[in-house]
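S.K.: File protein30.txt below, compact mmCIF, C-alpha atoms:
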# COMPACT_ATOMS: atom_id res chain seq x y z
CA MET A 1 -10.29 -4.57 -79.09
CA ALA A 2 -8.29 -6.32 -76.36
CA GLU A 3 -10.00 -6.42 -73.00
CA ILE A 4 -8.21 -4.55 -70.24
CA HIS A 5 -7.08 -6.84 -67.42
CA LYS A 6 -9.38 -6.77 -64.40
CA GLN A 7 -6.65 -5.63 -62.02
CA LEU A 8 -5.89 -2.63 -64.25
CA GLN A 9 -9.62 -1.84 -64.41
CA THR A 10 -9.71 -1.91 -60.61
CA ASP A 11 -6.62 0.22 -60.09
CA CYS A 12 -7.11 2.75 -62.88
CA VAL A 13 -9.48 5.18 -64.56
CA ALA A 14 -9.67 5.24 -68.36
CA ILE A 15 -8.61 8.64 -69.70
CA GLY A 16 -8.59 7.99 -73.43
CA ARG A 17 -7.18 6.23 -76.45
CA PHE A 18 -4.09 6.83 -78.54
CA PRO A 19 -3.93 5.14 -81.94
CA LEU A 20 -2.27 2.11 -80.33
CA CYS A 21 -2.71 2.34 -76.56
CA HIS A 22 -5.36 2.83 -73.97
CA LEU A 23 -4.36 5.68 -71.65
CA LEU A 24 -5.20 4.81 -68.05
CA LEU A 25 -4.76 7.01 -65.00
CA MET A 26 -3.60 5.19 -61.88
CA ASN A 27 -6.27 6.13 -59.34
CA ASN A 28 -3.81 7.45 -56.80
CA THR A 29 -3.42 11.10 -55.94
CA GLN A 30 0.11 10.69 -54.58
CA TYR A 31 1.83 10.71 -57.98
CA PRO A 32 0.92 11.78 -61.51
CA TRP A 33 0.89 8.21 -62.83
CA CYS A 34 -0.42 6.83 -66.10
CA LEU A 35 -0.31 3.51 -67.92
CA LEU A 36 -0.16 2.89 -71.65
CA VAL A 37 -1.82 -0.41 -72.54
CA PRO A 38 -1.43 -1.44 -76.19
CA ASP A 39 -4.76 -2.61 -77.59
CA ARG A 40 -3.42 -5.96 -78.75
CA GLU A 41 -4.34 -9.48 -77.62
CA ASN A 42 -1.97 -11.75 -75.70
CA ILE A 43 1.04 -9.45 -75.47
CA SER A 44 3.18 -9.45 -72.32
CA GLU A 45 6.43 -8.04 -73.65
CA ILE A 46 7.17 -5.00 -75.79
CA TYR A 47 9.22 -7.10 -78.22
CA GLN A 48 6.17 -9.29 -78.90
CA LEU A 49 4.49 -6.32 -80.59
CA SER A 50 5.02 -5.90 -84.33
CA LYS A 51 7.91 -3.60 -85.20
CA GLU A 52 5.39 -0.97 -86.32
CA ASP A 53 3.54 -1.19 -82.99
CA GLN A 54 6.82 -1.00 -81.04
CA LEU A 55 7.66 2.28 -82.74
CA GLN A 56 4.12 3.60 -82.23
CA LEU A 57 4.36 2.73 -78.54
CA ALA A 58 7.68 4.60 -78.36
CA GLU A 59 6.00 7.65 -79.92
CA GLU A 60 2.97 7.55 -77.63
CA SER A 61 5.25 7.09 -74.62
CA GLY A 62 7.35 10.08 -75.68
CA TRP A 63 4.33 12.33 -76.10
CA LEU A 64 2.80 11.22 -72.82
CA GLY A 65 6.03 11.49 -70.86
CA GLU A 66 6.89 14.96 -72.11
CA PHE A 67 3.35 16.18 -71.48
CA MET A 68 3.26 14.80 -67.92
CA MET A 69 6.63 16.23 -66.95
CA THR A 70 5.67 19.65 -68.31
CA GLU A 71 2.11 19.70 -67.03
CA PHE A 72 2.96 18.45 -63.53
CA ASN A 73 6.36 20.12 -63.33
CA GLY A 74 8.22 16.95 -62.36
CA ASP A 75 11.84 16.42 -61.43
CA LYS A 76 12.14 12.97 -63.05
CA LEU A 77 10.00 10.65 -65.10
CA ASN A 78 10.02 6.95 -64.22
CA ILE A 79 8.98 4.68 -67.09
CA ALA A 80 8.66 0.93 -66.65
CA ALA A 81 7.22 -2.20 -68.17
CA ILE A 82 7.30 -4.71 -65.31
CA GLY A 83 4.22 -6.95 -65.43
CA ASN A 84 5.29 -9.55 -62.88
CA ILE A 85 1.76 -9.57 -61.47
CA VAL A 86 -0.51 -8.41 -64.33
CA PRO A 87 0.62 -10.15 -67.53
CA GLN A 88 -1.09 -7.79 -70.00
CA LEU A 89 1.57 -5.39 -71.28
CA HIS A 90 1.25 -2.02 -69.54
CA VAL A 91 3.88 0.71 -69.41
CA HIS A 92 4.01 2.88 -66.29
CA HIS A 93 4.75 6.61 -66.56
CA VAL A 94 5.24 8.19 -63.14
CA VAL A 95 6.21 11.79 -62.41
CA ARG A 96 8.58 12.00 -59.47
CA TYR A 97 9.65 14.91 -57.26
CA LYS A 98 12.78 15.26 -55.19
CA HIS A 99 10.51 16.06 -52.25
CA ASP A 100 8.13 13.11 -52.73
CA ALA A 101 7.70 10.55 -49.96
CA LEU A 102 9.57 7.72 -51.65
CA TRP A 103 12.31 9.64 -53.50
CA PRO A 104 14.74 8.33 -54.78
CA ASP A 105 13.30 4.81 -54.49
CA PRO A 106 11.00 3.40 -57.17
CA ILE A 107 7.35 3.49 -56.14
CA TRP A 108 6.15 0.08 -57.31
CA GLY A 109 4.73 -1.97 -54.49
CA LYS A 110 5.09 0.85 -51.98
CA VAL A 111 2.13 3.13 -52.60
CA THR A 112 -1.01 3.10 -50.47
CA ALA A 113 -4.54 3.78 -51.72
CA ALA A 114 -5.43 7.45 -52.26
CA PRO A 115 -8.18 7.65 -54.90
CA TYR A 116 -9.19 10.76 -56.83
CA SER A 117 -12.60 12.38 -56.50
CA SER A 118 -14.81 12.39 -59.59
CA GLU A 119 -14.21 16.16 -59.83
CA ASP A 120 -10.45 15.55 -59.83
CA ILE A 121 -10.83 13.05 -62.64
CA THR A 122 -12.93 15.37 -64.76
CA ALA A 123 -10.34 18.12 -64.29
CA LEU A 124 -7.46 15.77 -65.13
CA LYS A 125 -9.18 14.60 -68.32
CA MET A 126 -9.33 18.24 -69.39
CA ARG A 127 -5.59 18.58 -68.78
CA TYR A 128 -4.73 15.38 -70.65
CA SER A 129 -6.86 16.55 -73.60
CA ILE A 130 -3.80 18.59 -74.72
CA LEU A 131 -2.61 15.22 -76.04
CA GLU A 132 -5.39 15.23 -78.64
CA LYS A 133 -2.85 16.90 -80.94
CA HIS A 134 -0.91 13.60 -80.74
CA GLY A 135 -3.87 11.40 -81.60
CA LEU A 136 -5.39 10.93 -78.14
CA THR A 137 -9.16 10.65 -77.92
CA VAL A 138 -10.28 11.52 -74.39
CA ILE A 139 -13.22 9.43 -73.20
CA MET B 1 31.05 10.33 -77.49
CA ALA B 2 29.21 10.95 -74.21
CA GLU B 3 31.07 9.87 -71.13
CA ILE B 4 29.40 7.11 -69.12
CA HIS B 5 28.45 8.25 -65.61
CA LYS B 6 30.91 7.13 -62.94
CA GLN B 7 28.28 5.20 -60.98
CA LEU B 8 27.39 3.19 -64.08
CA GLN B 9 31.08 2.54 -64.71
CA THR B 10 31.39 1.26 -61.15
CA ASP B 11 28.30 -0.96 -61.25
CA CYS B 12 28.61 -2.31 -64.79
CA VAL B 13 30.89 -3.97 -67.33
CA ALA B 14 30.86 -2.67 -70.91
CA ILE B 15 29.71 -5.38 -73.32
CA GLY B 16 29.49 -3.44 -76.55
CA ARG B 17 27.94 -0.74 -78.68
CA PHE B 18 24.74 -0.59 -80.69
CA PRO B 19 24.42 2.20 -83.26
CA LEU B 20 22.88 4.45 -80.58
CA CYS B 21 23.51 2.89 -77.17
CA HIS B 22 26.29 1.54 -75.06
CA LEU B 23 25.39 -1.96 -73.86
CA LEU B 24 26.42 -2.41 -70.23
CA LEU B 25 26.13 -5.56 -68.14
CA MET B 26 25.16 -4.99 -64.53
CA ASN B 27 27.94 -6.73 -62.63
CA ASN B 28 25.61 -8.90 -60.59
CA THR B 29 25.23 -12.62 -61.08
CA GLN B 30 21.78 -12.76 -59.47
CA TYR B 31 19.89 -11.58 -62.57
CA PRO B 32 20.59 -11.31 -66.29
CA TRP B 33 20.58 -7.51 -66.27
CA CYS B 34 21.74 -5.03 -68.89
CA LEU B 35 21.56 -1.30 -69.40
CA LEU B 36 21.21 0.60 -72.65
CA VAL B 37 22.86 4.03 -72.39
CA PRO B 38 22.29 6.29 -75.41
CA ASP B 39 25.56 7.91 -76.48
CA ARG B 40 24.19 11.43 -76.29
CA GLU B 41 25.21 14.33 -74.05
CA ASN B 42 22.96 15.76 -71.32
CA ILE B 43 19.94 13.49 -71.77
CA SER B 44 17.98 12.35 -68.70
CA GLU B 45 14.64 11.47 -70.28
CA ILE B 46 13.76 9.37 -73.32
CA TYR B 47 11.60 12.19 -74.72
CA GLN B 48 14.64 14.51 -74.75
CA LEU B 49 16.20 12.36 -77.47
CA SER B 50 15.46 13.28 -81.10
CA LYS B 51 12.51 11.41 -82.57
CA GLU B 52 14.95 9.38 -84.68
CA ASP B 53 16.97 8.42 -81.59
CA GLN B 54 13.79 7.52 -79.67
CA LEU B 55 12.84 5.05 -82.38
CA GLN B 56 16.39 3.67 -82.56
CA LEU B 57 16.34 3.17 -78.78
CA ALA B 58 13.03 1.31 -79.11
CA GLU B 59 14.59 -0.95 -81.74
CA GLU B 60 17.74 -1.64 -79.73
CA SER B 61 15.62 -2.32 -76.64
CA GLY B 62 13.44 -4.76 -78.57
CA TRP B 63 16.41 -6.67 -79.93
CA LEU B 64 18.13 -6.79 -76.55
CA GLY B 65 15.01 -7.78 -74.65
CA GLU B 66 14.03 -10.59 -77.00
CA PHE B 67 17.60 -11.90 -77.03
CA MET B 68 17.88 -11.87 -73.23
CA MET B 69 14.56 -13.61 -72.66
CA THR B 70 15.40 -16.31 -75.20
CA GLU B 71 19.04 -16.78 -74.20
CA PHE B 72 18.38 -16.85 -70.45
CA ASN B 73 14.98 -18.54 -70.69
CA GLY B 74 13.21 -15.93 -68.55
CA ASP B 75 9.64 -15.80 -67.31
CA LYS B 76 9.29 -12.01 -67.57
CA LEU B 77 11.34 -9.09 -68.77
CA ASN B 78 11.40 -5.94 -66.64
CA ILE B 79 12.32 -2.79 -68.56
CA ALA B 80 12.70 0.57 -66.82
CA ALA B 81 14.08 4.06 -67.20
CA ILE B 82 14.18 5.38 -63.64
CA GLY B 83 17.26 7.54 -63.12
CA ASN B 84 16.36 9.04 -59.76
CA ILE B 85 19.96 8.61 -58.62
CA VAL B 86 22.05 8.57 -61.82
CA PRO B 87 20.78 11.33 -64.12
CA GLN B 88 22.33 10.02 -67.36
CA LEU B 89 19.59 8.19 -69.26
CA HIS B 90 19.96 4.43 -68.86
CA VAL B 91 17.32 1.81 -69.56
CA HIS B 92 17.33 -1.33 -67.43
CA HIS B 93 16.55 -4.73 -68.97
CA VAL B 94 16.23 -7.43 -66.31
CA VAL B 95 15.27 -11.06 -66.86
CA ARG B 96 13.05 -12.34 -64.07
CA TYR B 97 12.07 -15.84 -63.00
CA LYS B 98 9.06 -16.95 -61.00
CA HIS B 99 11.48 -18.72 -58.69
CA ASP B 100 13.85 -15.78 -58.20
CA ALA B 101 14.47 -14.36 -54.74
CA LEU B 102 12.51 -11.14 -55.20
CA TRP B 103 9.66 -12.28 -57.47
CA PRO B 104 7.19 -10.65 -58.06
CA ASP B 105 8.68 -7.44 -56.61
CA PRO B 106 10.85 -5.15 -58.74
CA ILE B 107 14.54 -5.56 -58.02
CA TRP B 108 15.71 -1.95 -57.94
CA GLY B 109 17.30 -1.03 -54.66
CA LYS B 110 17.05 -4.56 -53.29
CA VAL B 111 19.96 -6.44 -54.83
CA THR B 112 23.20 -7.12 -52.99
CA ALA B 113 26.64 -7.28 -54.59
CA ALA B 114 27.46 -10.50 -56.45
CA PRO B 115 30.07 -9.73 -59.13
CA TYR B 116 30.95 -11.93 -62.10
CA SER B 117 34.36 -13.52 -62.54
CA SER B 118 36.39 -12.42 -65.55
CA GLU B 119 35.74 -15.87 -67.08
CA ASP B 120 31.98 -15.33 -66.67
CA ILE B 121 32.25 -11.99 -68.42
CA THR B 122 34.23 -13.39 -71.33
CA ALA B 123 31.63 -16.15 -71.72
CA LEU B 124 28.73 -13.68 -71.52
CA LYS B 125 30.30 -11.44 -74.18
CA MET B 126 30.34 -14.47 -76.47
CA ARG B 127 26.65 -15.03 -75.84
CA TYR B 128 25.72 -11.39 -76.40
CA SER B 129 27.68 -11.41 -79.68
CA ILE B 130 24.55 -12.95 -81.28
CA LEU B 131 23.32 -9.34 -81.25
CA GLU B 132 25.96 -8.40 -83.82
CA LYS B 133 23.30 -9.15 -86.44
CA HIS B 134 21.41 -6.16 -84.99
CA GLY B 135 24.34 -3.79 -85.15
CA LEU B 136 26.03 -4.54 -81.83
CA THR B 137 29.80 -4.35 -81.72
CA VAL B 138 31.11 -6.40 -78.79
CA ILE B 139 34.12 -4.85 -77.08
Just dump the structure as C-alpha cells.
M.R.:
Amino acid sequence: MAEIHKQLQTDCVAIGRFPLCHLLLMNNTQYPWCLLVPDRENISEIYQLSKEDQLQLAEESGWLGEFMMTEFNGDKLNIAAIGNIVPQLHVHHVVRYKHDALWPDPIWGKVTAAPYSSEDITALKMRYSILEKHGLTVI
Amino acid sequence: MAEIHKQLQTDCVAIGRFPLCHLLLMNNTQYPWCLLVPDRENISEIYQLSKEDQLQLAEESGWLGEFMMTEFNGDKLNIAAIGNIVPQLHVHHVVRYKHDALWPDPIWGKVTAAPYSSEDITALKMRYSILEKHGLTVI
C-alpha cells in the first residue's frame, strides 16, 4: 500500500477506498471537494499508471463525479490532476456553484482554511457510502 | 459531428482528430497546451459520456499526455476538465516547467495572449503527427 503524502494527510480526511484509489475529502467546508489517490508507488502522472489502472481510475472518477454532482446539486464539476506542489498523483473533484465565491475561476490556490467538525465528517461519510455499490469501502 | 464551441474556435487551432476527440492546440506560445474535445453533442461532464466513451477519453488523454511530456520535455503535466465558462466538455493538457512564469500555480485565467505563427503551427502539426500511431488524424 502506497503511503499517502504528508501534505495530503494534513489537508484531507480519509473517507474510504475504491479498488484502485484512496478517497480523501478535502477538509474545507467551502466546496464539496474530494481527491482520488491511486494506491500505487512513485506515480506522478496518470499515463504512468498501467493501462488497466488508467481505465479503473476513469471509472472511479466517473462514479465519484456523478455522485458528488447529484448529492450536492452542483452546477459544474471541476476535475484536475495538477500536482505541481505534491508529486503523488491525486485527482481533484470539486463541485462548483454559479453563486460560489470564486465562480467562474478555478479554486486552486485561492481557498482559505475552513475545516469540518467531526460531526460533519461522520455525516458526510454516511452520504459517500452510497458509493459502496461502486466498490467503495468507507473507513 | 458536434460543433466546436465558438470560444474554443477563437482560442485554439485544430490539430487533428482521435477516434473520439478533436485535438485542439491552445494558440499560446507560453505553454505546450492542448485540449481534447469529445465529438459528442450536449456533454458538459465526463460522467455524461457513455462508459465506452469515458474509457476512450482516458486512453486518448494518456496517449496525448505522455507524448506531450516526452516531446516537450516537461516537468509536470496539468490535466483539467473545468468548463465553468465554456460548457462544452474540453479537457486541458498543459506541460509545465519548474522555471515557467506561473510555477507552481495553475495557469487557468492567468495567461496573456501570445499566438503562434503559421510556420510554428505547421511545425507543431508535424510533431503531433507521431500520435497517428494512436489513431490521430492530423488535419
S.K.: Point out the residue among B:Ala113, B:Val86, B:Val91, B:Leu55 with the least atom-to-atom distance to chain A, counting all atoms listed in the file.
M.R.: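 Using all atoms listed in the file, chain A sits closest to B:Leu55.
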S.K.: Quick one, how far is CA of Lys6 in chain B from CA of Met68 in chain A?
M.R.: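 Going from CA of Lys6 in chain B over to CA of Met68 in chain A, I get 29.1 Å.
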S.K.: For a quick test of understanding: name the residues of chain A lying within 10 Å of chain B when counting all atoms listed in the file, and present them as a PDB file with C-alpha atoms, in the frame of the given file.
M.R.:
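For reference, selection-v6.pdb as written:
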ATOM      1  CA  SER A  44       3.180  -9.450 -72.320  1.00  0.00           C
ATOM      2  CA  GLU A  45       6.430  -8.040 -73.650  1.00  0.00           C
ATOM      3  CA  ILE A  46       7.170  -5.000 -75.790  1.00  0.00           C
ATOM      4  CA  TYR A  47       9.220  -7.100 -78.220  1.00  0.00           C
ATOM      5  CA  GLN A  48       6.170  -9.290 -78.900  1.00  0.00           C
ATOM      6  CA  LEU A  49       4.490  -6.320 -80.590  1.00  0.00           C
ATOM      7  CA  LYS A  51       7.910  -3.600 -85.200  1.00  0.00           C
ATOM      8  CA  GLN A  54       6.820  -1.000 -81.040  1.00  0.00           C
ATOM      9  CA  LEU A  55       7.660   2.280 -82.740  1.00  0.00           C
ATOM     10  CA  GLN A  56       4.120   3.600 -82.230  1.00  0.00           C
ATOM     11  CA  LEU A  57       4.360   2.730 -78.540  1.00  0.00           C
ATOM     12  CA  ALA A  58       7.680   4.600 -78.360  1.00  0.00           C
ATOM     13  CA  GLU A  59       6.000   7.650 -79.920  1.00  0.00           C
ATOM     14  CA  SER A  61       5.250   7.090 -74.620  1.00  0.00           C
ATOM     15  CA  GLY A  62       7.350  10.080 -75.680  1.00  0.00           C
ATOM     16  CA  TRP A  63       4.330  12.330 -76.100  1.00  0.00           C
ATOM     17  CA  LEU A  64       2.800  11.220 -72.820  1.00  0.00           C
ATOM     18  CA  GLY A  65       6.030  11.490 -70.860  1.00  0.00           C
ATOM     19  CA  GLU A  66       6.890  14.960 -72.110  1.00  0.00           C
ATOM     20  CA  PHE A  67       3.350  16.180 -71.480  1.00  0.00           C
ATOM     21  CA  MET A  69       6.630  16.230 -66.950  1.00  0.00           C
ATOM     22  CA  ASP A  75      11.840  16.420 -61.430  1.00  0.00           C
ATOM     23  CA  LYS A  76      12.140  12.970 -63.050  1.00  0.00           C
ATOM     24  CA  LEU A  77      10.000  10.650 -65.100  1.00  0.00           C
ATOM     25  CA  ASN A  78      10.020   6.950 -64.220  1.00  0.00           C
ATOM     26  CA  ILE A  79       8.980   4.680 -67.090  1.00  0.00           C
ATOM     27  CA  ALA A  80       8.660   0.930 -66.650  1.00  0.00           C
ATOM     28  CA  ALA A  81       7.220  -2.200 -68.170  1.00  0.00           C
ATOM     29  CA  ILE A  82       7.300  -4.710 -65.310  1.00  0.00           C
ATOM     30  CA  GLY A  83       4.220  -6.950 -65.430  1.00  0.00           C
ATOM     31  CA  ASN A  84       5.290  -9.550 -62.880  1.00  0.00           C
ATOM     32  CA  ILE A  85       1.760  -9.570 -61.470  1.00  0.00           C
ATOM     33  CA  PRO A  87       0.620 -10.150 -67.530  1.00  0.00           C
ATOM     34  CA  VAL A  91       3.880   0.710 -69.410  1.00  0.00           C
ATOM     35  CA  HIS A  92       4.010   2.880 -66.290  1.00  0.00           C
ATOM     36  CA  HIS A  93       4.750   6.610 -66.560  1.00  0.00           C
ATOM     37  CA  VAL A  94       5.240   8.190 -63.140  1.00  0.00           C
ATOM     38  CA  ARG A  96       8.580  12.000 -59.470  1.00  0.00           C
ATOM     39  CA  TYR A  97       9.650  14.910 -57.260  1.00  0.00           C
ATOM     40  CA  LYS A  98      12.780  15.260 -55.190  1.00  0.00           C
ATOM     41  CA  TRP A 103      12.310   9.640 -53.500  1.00  0.00           C
ATOM     42  CA  PRO A 104      14.740   8.330 -54.780  1.00  0.00           C
ATOM     43  CA  ASP A 105      13.300   4.810 -54.490  1.00  0.00           C
ATOM     44  CA  PRO A 106      11.000   3.400 -57.170  1.00  0.00           C
ATOM     45  CA  ILE A 107       7.350   3.490 -56.140  1.00  0.00           C
ATOM     46  CA  TRP A 108       6.150   0.080 -57.310  1.00  0.00           C
ATOM     47  CA  GLY A 109       4.730  -1.970 -54.490  1.00  0.00           C
TER      48      GLY A 109
END
S.K.: Between A:Ile43, A:Ala101, A:Leu136, A:Ile121, single out the one closest to Cys21 in chain A, counting all atoms listed in the file.
M.R.: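 Nearest candidate to Cys21 in chain A out of A:Ile43, A:Ala101, A:Leu136, A:Ile121: A:Leu136.
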S.K.: Using all atoms listed in the file - which residues lie no farther than 10 Å from the point (31.6, 6.3, -71.0) in the file's frame? Write them as a list of chain:residue names.
M.R.: B:Met1, B:Ala2, B:Glu3, B:Ile4, B:His5, B:Lys6, B:Leu8, B:Gln9, B:Ala14, B:His22, B:Val37, B:Asp39
S.K.: Excluding range 122-129 of chain A and residues on its chain fewer than 2 positions from it, collect all residues at most 12 Å away from it, counting all atoms listed in the file, and give them as a PyMOL selection string.
M.R.: chain A and resi 13-18+23-27+29+32-34+63-72+116-120+131-139
S.K.: What does the distance between CA of Val95 in chain B and CA of Asp11 in chain B come to in Å, to one decimal place?
M.R.: 17.4 Å
S.K.: Between A:His99, A:Gln88, A:Gln7, A:Cys12, which one has atoms that come closest to Pro38 in chain A, using all atoms listed in the file?
M.R.: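 Distance minimum relative to Pro38 in chain A lands on A:Gln88.
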S.K.: What is the CA of Gln30 in chain B to CA of Ala114 in chain B distance in Å?
M.R.: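 Here the two named atoms are 6.8 Å from each other.
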